[in-house]
Amino acid sequence: MKNDLMANDVFRMASTQFDRAADYLDLDESVRERCKWPKRLITVTVPIQRDCGKTEVFFGYRVQHHLSRGPVKGGLRYNPNVTLGEVAALAMWMNWKCALMGLPYGGGKGGIACDPRSMSPGELENLTRRFTTEMLPFIGPKTDVMAPDMGTNAQTMAWMTDVYSTYTGHLVPSIVTGKPLELQGSAGRTQATGHGVAFTVTRAFYKLGIDDSKATAIIQGFGNVGSYAALTLSGYGVKITGISDITGAIWNPKGIDVEKLITHVAKEKGVKGFPGAEAIDPDEMLTQPCDALIPAAMERVITKENATKLQCRVLAEAANGPTTPEADTIIEERGDIFLIPDVLCNAGGVTVSYFEWVQNLQHYQWTEQEVLTKLETMLEKTFENVTHFAKTHQTSHRVAALALGVKEVATVKATRGLFP
Ligand code: GLU
């Protein structure tokens with residue numbers, strides 16, 4: 001299994017990042033091995049009847065990296081390229097992210113290899129319900145709490161809540177987070193990841209002496225994370241000059257009207273053809289001059305090929321794993337780019353998920369203001385911890401963030417001891 005995981009590009013990348021942090025911490029070999037490999041790798045088949053009458057079998061995955069610090073936490077993604085190796089890498093990143101933020105969770109991630117854009121709402125509902133049923137032996141508010149990720153949303157979480165609650169015999173809202181508000185979701189959860197991305201970008205601007213109202217940003221990806229990051233940043237006065245999604249990329253040096261773009265995307269299912277901007281090649285967009293470049297889509301998009309050409313002051317990793325280790329080395333050597341690593345940059349989502357879970361367990365609802373204020377306090381503290389660690393230890397922000405997260409997990413593993 002180790003070799004199977006290592007054959008996957010994304011897992012190899014997460015593993016290289018972990019090794020760098022573990023070397024840095026000089027982790028004891030026993031703890032190191034236990035930290036690195038996932039506790040449970042679950043693969044299920046998910047058969048559904050398509051609208052055309054044909055039966056189709058999809059593959060679904062859930063990887064629970066560790067349960068040492070609490071239940072595992074992490075999203076469920078629907079994407080044609082999902083594999084077990086990718087999900088295992090994403091679960092490992094969730095593990096360090098939760099530990100870095102001080103959340104009482106291990107990391108988890110799930111996925112179904114499917115193309116949600118080509119499926120009807122009924123097909124997606126059946127897929128979600130059957131996957132949740134297959135997961136029943138492995139999930140629970142104290143063992144594994146899922147959330148939205150790429151290709152899933154609050155509706156997906158509502159179906160999962162319904163299945164779990166039906167089997168339990170009463171409503172169990174704490175089984176997932178990112179639920180609709182009427183089903184005891186949390187105020188602020190939908191915008192939390194994008195809001196957190198925007199918050200960390202403005203913290204980086206502040207450190208670099210960049211004025212928000214004179215700054216520009218380019219965003220790759222206009223899903224939940226990219227669109228809320230764009231909206232929040234433009235609310236702070238930052239001009240969004242480029243935005244891309246799978247339909248294409250658009251460019252306007254005077255700034256894109258994000259609200260109008262959201263309306264356009266709701267109608268046209270993509271940014272392509274937006275009248276308030278010109279078309280640009282999506283790869284070229286990434287290397288245009290800007291203050292913040294925000295990859296908010298897939299893994300491995302900042303590579304050794306484009307890392308030398310980047311013209312941004314801040315690279316804000318809204319996606320998980322957007323920068324390859326080779327590109328990381330180039331960025332470190334260049335020394336002119338302020339990297340906000342994924343485990344910090346996009347941690348707003350899981351942090352508000354934690355708030356949602358706490359509210360559900362307490363049968364209590366916080367206001368949006370309370371949620372966002374608590375989120376900013378936690379992000380601010382972690383941002384300072386990471387930048388302070390990097391400065392005092394003369395290391396990169398990536399190594400600093402991962403080292404802080406890994407150390408937390410390693411300490412718990414060492415304290416609990418090896419059983420039996
Ligand atoms: N899918 C999000 C992430 O990658 C959120 C996970 C959660 O809220 O549990 O961080």
# chains A, B, ... in the order shown; residues from 1 in each chain; ligands from 1
call {"tool": "select_by_dssp", "arguments": {"residues": "range 64-279 of chain A", "states": "strand (DSSP E)", "output": "JSON, numbers by chain"}}
result
{"A": [64, 72, 73, 74, 75, 76, 77, 78, 79, 106, 107, 108, 109, 110, 111, 112, 113, 144, 145, 146, 147, 148, 216, 217, 218, 219, 220, 239, 240, 241, 242, 243, 244, 245, 248, 249, 250, 251, 278, 279]}
call {"tool": "write_last_selection", "arguments": {"atoms": "C-alpha atoms", "output": "mmCIF file, in the first residue's frame"}}
result
data_model
loop_
_atom_site.group_PDB
_atom_site.id
_atom_site.type_symbol
_atom_site.label_atom_id
_atom_site.label_comp_id
_atom_site.auth_asym_id
_atom_site.auth_seq_id
_atom_site.Cartn_x
_atom_site.Cartn_y
_atom_site.Cartn_z
ATOM 1 C CA GLN A 64 -9.013 8.951 7.887
ATOM 2 C CA VAL A 72 -11.303 13.187 11.618
ATOM 3 C CA LYS A 73 -12.509 16.256 9.783
ATOM 4 C CA GLY A 74 -12.467 17.152 6.137
ATOM 5 C CA GLY A 75 -14.400 17.589 2.960
ATOM 6 C CA LEU A 76 -15.968 15.284 0.396
ATOM 7 C CA ARG A 77 -15.172 16.078 -3.240
ATOM 8 C CA TYR A 78 -16.899 15.095 -6.464
ATOM 9 C CA ASN A 79 -14.492 15.236 -9.378
ATOM 10 C CA GLY A 106 -7.482 14.598 12.874
ATOM 11 C CA GLY A 107 -7.508 15.014 9.107
ATOM 12 C CA GLY A 108 -9.857 13.256 6.740
ATOM 13 C CA LYS A 109 -10.921 13.599 3.131
ATOM 14 C CA GLY A 110 -13.349 11.816 0.884
ATOM 15 C CA GLY A 111 -14.142 11.758 -2.767
ATOM 16 C CA ILE A 112 -16.200 10.136 -5.468
ATOM 17 C CA ALA A 113 -14.774 9.849 -8.975
ATOM 18 C CA ASP A 144 -15.569 11.315 11.245
ATOM 19 C CA VAL A 145 -17.326 14.557 10.316
ATOM 20 C CA MET A 146 -17.483 15.383 6.597
ATOM 21 C CA ALA A 147 -17.986 18.800 4.931
ATOM 22 C CA PRO A 148 -18.275 20.287 1.435
ATOM 23 C CA THR A 216 -4.435 43.937 -7.318
ATOM 24 C CA ALA A 217 -5.231 40.215 -7.206
ATOM 25 C CA ILE A 218 -5.557 37.380 -9.718
ATOM 26 C CA ILE A 219 -7.702 34.385 -8.809
ATOM 27 C CA GLN A 220 -7.613 30.930 -10.415
ATOM 28 C CA LYS A 239 -8.836 45.308 -7.560
ATOM 29 C CA ILE A 240 -9.404 41.818 -9.031
ATOM 30 C CA THR A 241 -7.740 41.972 -12.450
ATOM 31 C CA GLY A 242 -7.939 38.316 -13.541
ATOM 32 C CA ILE A 243 -10.238 35.383 -12.806
ATOM 33 C CA SER A 244 -10.371 31.920 -14.374
ATOM 34 C CA ASP A 245 -12.384 28.716 -14.090
ATOM 35 C CA GLY A 248 -11.688 30.047 -19.466
ATOM 36 C CA ALA A 249 -10.009 33.157 -18.044
ATOM 37 C CA ILE A 250 -10.996 36.822 -18.047
ATOM 38 C CA TRP A 251 -8.896 39.941 -17.614
ATOM 39 C CA GLU A 278 -11.414 40.512 -22.038
ATOM 40 C CA ALA A 279 -10.510 36.862 -22.575
#
call {"tool": "closest_atom_pairs", "arguments": {"of": "chain A", "to": "ligand 1", "cutoff": "10 Å", "atoms": "only C-alpha atoms and all ligand atoms", "output": "Markdown table"}}
result
| residue | atom | partner | partner_atom_place_in_ligand_line | distance |
| --- | --- | --- | --- | --- |
| A:Val72 | CA | ligand 1 | 9 (O) | 8.6 |
| A:Lys73 | CA | ligand 1 | 9 (O) | 4.8 |
| A:Gly74 | CA | ligand 1 | 9 (O) | 3.5 |
| A:Gly75 | CA | ligand 1 | 1 (N) | 3.8 |
| A:Leu76 | CA | ligand 1 | 1 (N) | 6.8 |
| A:Arg77 | CA | ligand 1 | 1 (N) | 7.8 |
| A:Leu90 | CA | ligand 1 | 4 (O) | 7.5 |
| A:Ala91 | CA | ligand 1 | 4 (O) | 8.7 |
| A:Trp93 | CA | ligand 1 | 4 (O) | 8.4 |
| A:Met94 | CA | ligand 1 | 10 (O) | 6.4 |
| A:Asn95 | CA | ligand 1 | 10 (O) | 9.9 |
| A:Lys97 | CA | ligand 1 | 10 (O) | 7.8 |
| A:Cys98 | CA | ligand 1 | 10 (O) | 8.8 |
| A:Tyr105 | CA | ligand 1 | 9 (O) | 9.5 |
| A:Gly107 | CA | ligand 1 | 9 (O) | 8.5 |
| A:Gly108 | CA | ligand 1 | 9 (O) | 8.0 |
| A:Lys109 | CA | ligand 1 | 1 (N) | 7.8 |
| A:Gly110 | CA | ligand 1 | 1 (N) | 9.4 |
| A:Asp144 | CA | ligand 1 | 9 (O) | 9.7 |
| A:Val145 | CA | ligand 1 | 9 (O) | 7.0 |
| A:Met146 | CA | ligand 1 | 9 (O) | 5.8 |
| A:Ala147 | CA | ligand 1 | 9 (O) | 4.7 |
| A:Pro148 | CA | ligand 1 | 1 (N) | 5.5 |
| A:Asp149 | CA | ligand 1 | 1 (N) | 4.0 |
| A:Met150 | CA | ligand 1 | 1 (N) | 7.3 |
| A:Thr152 | CA | ligand 1 | 1 (N) | 9.3 |
| A:Asn153 | CA | ligand 1 | 1 (N) | 10.0 |
| A:Val176 | CA | ligand 1 | 9 (O) | 8.2 |
| A:Thr177 | CA | ligand 1 | 8 (O) | 6.4 |
| A:Gly178 | CA | ligand 1 | 8 (O) | 6.8 |
| A:Arg189 | CA | ligand 1 | 8 (O) | 8.5 |
| A:Thr190 | CA | ligand 1 | 8 (O) | 9.9 |
| A:Ala192 | CA | ligand 1 | 8 (O) | 9.2 |
| A:Thr193 | CA | ligand 1 | 5 (C) | 7.6 |
| A:Val225 | CA | ligand 1 | 2 (C) | 9.4 |
| A:Ala318 | CA | ligand 1 | 4 (O) | 9.2 |
| A:Ala319 | CA | ligand 1 | 4 (O) | 7.7 |
| A:Asn320 | CA | ligand 1 | 4 (O) | 6.6 |
| A:Asp342 | CA | ligand 1 | 10 (O) | 8.9 |
| A:Val343 | CA | ligand 1 | 10 (O) | 8.0 |
| A:Leu344 | CA | ligand 1 | 10 (O) | 9.7 |
| A:Cys345 | CA | ligand 1 | 10 (O) | 9.7 |
| A:Asn346 | CA | ligand 1 | 10 (O) | 6.2 |
| A:Ala347 | CA | ligand 1 | 10 (O) | 5.8 |
| A:Gly348 | CA | ligand 1 | 10 (O) | 7.6 |
| A:Gly349 | CA | ligand 1 | 5 (C) | 4.8 |
| A:Val350 | CA | ligand 1 | 8 (O) | 3.5 |
| A:Thr351 | CA | ligand 1 | 8 (O) | 6.9 |
| A:Val352 | CA | ligand 1 | 8 (O) | 7.0 |
| A:Ser353 | CA | ligand 1 | 8 (O) | 4.6 |
| A:Tyr354 | CA | ligand 1 | 8 (O) | 7.3 |
| A:Phe355 | CA | ligand 1 | 8 (O) | 9.8 |
| A:Glu356 | CA | ligand 1 | 8 (O) | 9.3 |
| A:Trp357 | CA | ligand 1 | 9 (O) | 9.8 |
call {"tool": "atom_distance", "arguments": {"atom1": "CA of Glu370 in chain A", "atom2": "CA of Tyr228 in chain A"}}
result
18.6 Å
call {"tool": "select_by_dssp", "arguments": {"residues": "range 118-188 of chain A", "states": "helix (DSSP H, G or I)", "output": "ChimeraX atom specification"}}
result
/A:118,121-135,154-168,173-175,181-183
call {"tool": "write_last_selection", "arguments": {"atoms": "C-alpha atoms", "output": "PDB file, in the first residue's frame"}}
result
ATOM      1  CA  SER A 118     -22.896  16.153 -16.075  1.00  0.00           C
ATOM      2  CA  PRO A 121     -29.827  16.809  -9.127  1.00  0.00           C
ATOM      3  CA  GLY A 122     -31.650  13.485  -8.704  1.00  0.00           C
ATOM      4  CA  GLU A 123     -28.566  11.479  -9.704  1.00  0.00           C
ATOM      5  CA  LEU A 124     -26.389  13.502  -7.335  1.00  0.00           C
ATOM      6  CA  GLU A 125     -28.870  12.926  -4.524  1.00  0.00           C
ATOM      7  CA  ASN A 126     -28.892   9.157  -5.093  1.00  0.00           C
ATOM      8  CA  LEU A 127     -25.089   9.069  -5.332  1.00  0.00           C
ATOM      9  CA  THR A 128     -24.742  10.990  -2.065  1.00  0.00           C
ATOM     10  CA  ARG A 129     -27.335   8.914  -0.225  1.00  0.00           C
ATOM     11  CA  ARG A 130     -25.792   5.615  -1.323  1.00  0.00           C
ATOM     12  CA  PHE A 131     -22.240   6.782  -0.497  1.00  0.00           C
ATOM     13  CA  THR A 132     -23.380   7.911   2.979  1.00  0.00           C
ATOM     14  CA  THR A 133     -25.050   4.537   3.534  1.00  0.00           C
ATOM     15  CA  GLU A 134     -21.812   2.748   2.570  1.00  0.00           C
ATOM     16  CA  MET A 135     -19.948   4.998   5.027  1.00  0.00           C
ATOM     17  CA  ALA A 154     -24.697  22.542   1.552  1.00  0.00           C
ATOM     18  CA  GLN A 155     -27.351  20.465  -0.260  1.00  0.00           C
ATOM     19  CA  THR A 156     -24.962  17.482  -0.373  1.00  0.00           C
ATOM     20  CA  MET A 157     -24.502  17.848   3.391  1.00  0.00           C
ATOM     21  CA  ALA A 158     -28.287  18.024   3.909  1.00  0.00           C
ATOM     22  CA  TRP A 159     -28.725  14.657   2.148  1.00  0.00           C
ATOM     23  CA  MET A 160     -25.928  13.133   4.251  1.00  0.00           C
ATOM     24  CA  THR A 161     -27.545  14.450   7.448  1.00  0.00           C
ATOM     25  CA  ASP A 162     -30.853  12.959   6.365  1.00  0.00           C
ATOM     26  CA  VAL A 163     -29.406   9.493   5.723  1.00  0.00           C
ATOM     27  CA  TYR A 164     -27.432   9.384   8.986  1.00  0.00           C
ATOM     28  CA  SER A 165     -30.371  10.753  11.022  1.00  0.00           C
ATOM     29  CA  THR A 166     -32.830   8.327   9.434  1.00  0.00           C
ATOM     30  CA  TYR A 167     -30.644   5.376  10.450  1.00  0.00           C
ATOM     31  CA  THR A 168     -30.080   6.804  13.943  1.00  0.00           C
ATOM     32  CA  PRO A 173     -26.781  17.667  12.863  1.00  0.00           C
ATOM     33  CA  SER A 174     -23.197  17.175  14.160  1.00  0.00           C
ATOM     34  CA  ILE A 175     -22.618  14.345  11.622  1.00  0.00           C
ATOM     35  CA  LEU A 181     -28.783  27.206   7.912  1.00  0.00           C
ATOM     36  CA  GLU A 182     -32.259  25.726   8.369  1.00  0.00           C
ATOM     37  CA  LEU A 183     -30.665  22.379   9.185  1.00  0.00           C
TER      38      LEU A 183
END
call {"tool": "closest_residue", "arguments": {"among": "A:Ser30, A:Thr324, A:Asn8, A:Asn385", "to": "Leu84 in chain A", "atoms": "only C-alpha atoms"}}
result
A:Asn8
call {"tool": "atom_distance", "arguments": {"atom1": "CA of Pro325 in chain A", "atom2": "CA of Gly223 in chain A"}}
result
25.2 Å
call {"tool": "closest_residue", "arguments": {"among": "A:Ser68, A:Gln369, A:Gln49, A:Thr143", "to": "Thr415 in chain A", "atoms": "only C-alpha atoms"}}
result
A:Ser68
call {"tool": "atom_distance", "arguments": {"atom1": "CA of Val412 in chain A", "atom2": "CA of Gln394 in chain A"}}
result
25.9 Å
call {"tool": "closest_residue", "arguments": {"among": "A:Ala403, A:Ala414, A:Leu208, A:Ala230", "to": "Ala21 in chain A", "atoms": "only C-alpha atoms"}}
result
A:Ala403
call {"tool": "residues_around", "arguments": {"residues": "Val386 in chain A", "least_positions_apart": "6", "cutoff": "8 Å", "atoms": "only C-alpha atoms", "output": "list in words"}}
result
His397, Ala400, Ala401 and Leu404 of chain A
call {"tool": "residues_around", "arguments": {"residues": "Phe18 in chain A", "least_positions_apart": "4", "cutoff": "12 Å", "atoms": "only C-alpha atoms", "output": "VMD selection string"}}
result
chain A and resid 11 to 14 22 to 27 32 to 33 35 to 37 89 92 to 93 95 to 96 325 398 to 407 410
call {"tool": "residues_around", "arguments": {"residues": "Ala198 in chain A", "least_positions_apart": "4", "cutoff": "8 Å", "atoms": "only C-alpha atoms", "output": "PyMOL selection string"}}
result
chain A and resi 194+202+229-230+232-233
call {"tool": "write_last_selection", "arguments": {"atoms": "N, CA, C and O atoms", "output": "CSV table (one decimal), in the first residue's frame"}}
result
chain,number,residue,atom,x,y,z
A,194,GLY,N,-13.3,31.5,1.7
A,194,GLY,CA,-13.0,32.6,1.0
A,194,GLY,C,-12.7,33.8,1.8
A,194,GLY,O,-11.7,34.6,1.6
A,202,THR,N,-4.7,40.1,3.3
A,202,THR,CA,-4.6,41.4,3.8
A,202,THR,C,-3.6,41.5,4.9
A,202,THR,O,-2.9,42.5,5.1
A,229,ALA,N,-13.5,34.7,-1.9
A,229,ALA,CA,-12.3,35.4,-1.8
A,229,ALA,C,-12.3,36.7,-2.6
A,229,ALA,O,-11.9,37.8,-2.1
A,230,ALA,N,-12.8,36.6,-3.8
A,230,ALA,CA,-12.9,37.8,-4.7
A,230,ALA,C,-13.8,38.8,-4.1
A,230,ALA,O,-13.5,40.0,-4.1
A,232,THR,N,-14.8,39.3,-1.0
A,232,THR,CA,-14.3,39.9,0.2
A,232,THR,C,-13.2,40.8,-0.1
A,232,THR,O,-13.1,42.0,0.4
A,233,LEU,N,-12.2,40.4,-0.9
A,233,LEU,CA,-11.1,41.3,-1.3
A,233,LEU,C,-11.6,42.5,-1.9
A,233,LEU,O,-11.1,43.6,-1.6
call {"tool": "residues_around", "arguments": {"residues": "Thr287 in chain A", "least_positions_apart": "2", "cutoff": "7 Å", "atoms": "only C-alpha atoms", "output": "CSV table (one decimal) with all heavy atoms, in the first residue's frame"}}
result
chain,number,residue,atom,x,y,z
A,284,GLU,N,-1.4,32.1,-19.1
A,284,GLU,CA,-0.7,33.4,-19.1
A,284,GLU,C,-1.2,34.3,-18.0
A,284,GLU,O,-0.4,35.1,-17.4
A,284,GLU,CB,-1.0,34.1,-20.4
A,284,GLU,CG,0.1,34.0,-21.4
A,284,GLU,CD,-0.3,34.5,-22.8
A,284,GLU,OE1,-0.9,35.6,-22.8
A,284,GLU,OE2,0.0,33.8,-23.7
A,285,MET,N,-2.5,34.1,-17.6
A,285,MET,CA,-3.0,34.9,-16.5
A,285,MET,C,-2.2,34.8,-15.2
A,285,MET,O,-2.0,35.7,-14.5
A,285,MET,CB,-4.5,34.5,-16.3
A,285,MET,CG,-5.2,35.3,-15.2
A,285,MET,SD,-6.8,34.7,-14.7
A,285,MET,CE,-6.3,33.4,-13.6
A,289,PRO,N,1.6,40.5,-13.8
A,289,PRO,CA,2.0,41.2,-12.6
A,289,PRO,C,0.8,41.5,-11.7
A,289,PRO,O,-0.3,41.8,-12.2
A,289,PRO,CB,2.5,42.6,-13.0
A,289,PRO,CG,2.7,42.5,-14.5
A,289,PRO,CD,1.9,41.3,-15.0
A,309,LYS,N,8.5,32.5,-13.5
A,309,LYS,CA,7.8,33.6,-14.3
A,309,LYS,C,6.8,34.4,-13.4
A,309,LYS,O,6.3,35.4,-13.9
A,309,LYS,CB,7.1,33.1,-15.5
A,309,LYS,CG,8.0,32.4,-16.5
A,309,LYS,CD,7.3,32.1,-17.8
A,309,LYS,CE,7.8,30.8,-18.5
A,309,LYS,NZ,6.7,29.9,-18.9
A,310,LEU,N,6.5,33.9,-12.2
A,310,LEU,CA,5.5,34.6,-11.4
A,310,LEU,C,5.9,36.0,-11.1
A,310,LEU,O,7.0,36.3,-10.9
A,310,LEU,CB,5.3,33.9,-10.1
A,310,LEU,CG,4.8,32.4,-10.1
A,310,LEU,CD1,4.6,31.9,-8.7
A,310,LEU,CD2,3.5,32.3,-10.9
A,311,GLN,N,4.9,36.9,-11.2
A,311,GLN,CA,5.1,38.3,-10.9
A,311,GLN,C,4.2,38.8,-9.8
A,311,GLN,O,3.7,39.9,-9.9
A,311,GLN,CB,4.9,39.1,-12.2
A,311,GLN,CG,5.8,38.8,-13.4
A,311,GLN,CD,5.7,39.8,-14.5
A,311,GLN,OE1,6.1,41.0,-14.3
A,311,GLN,NE2,5.2,39.5,-15.6
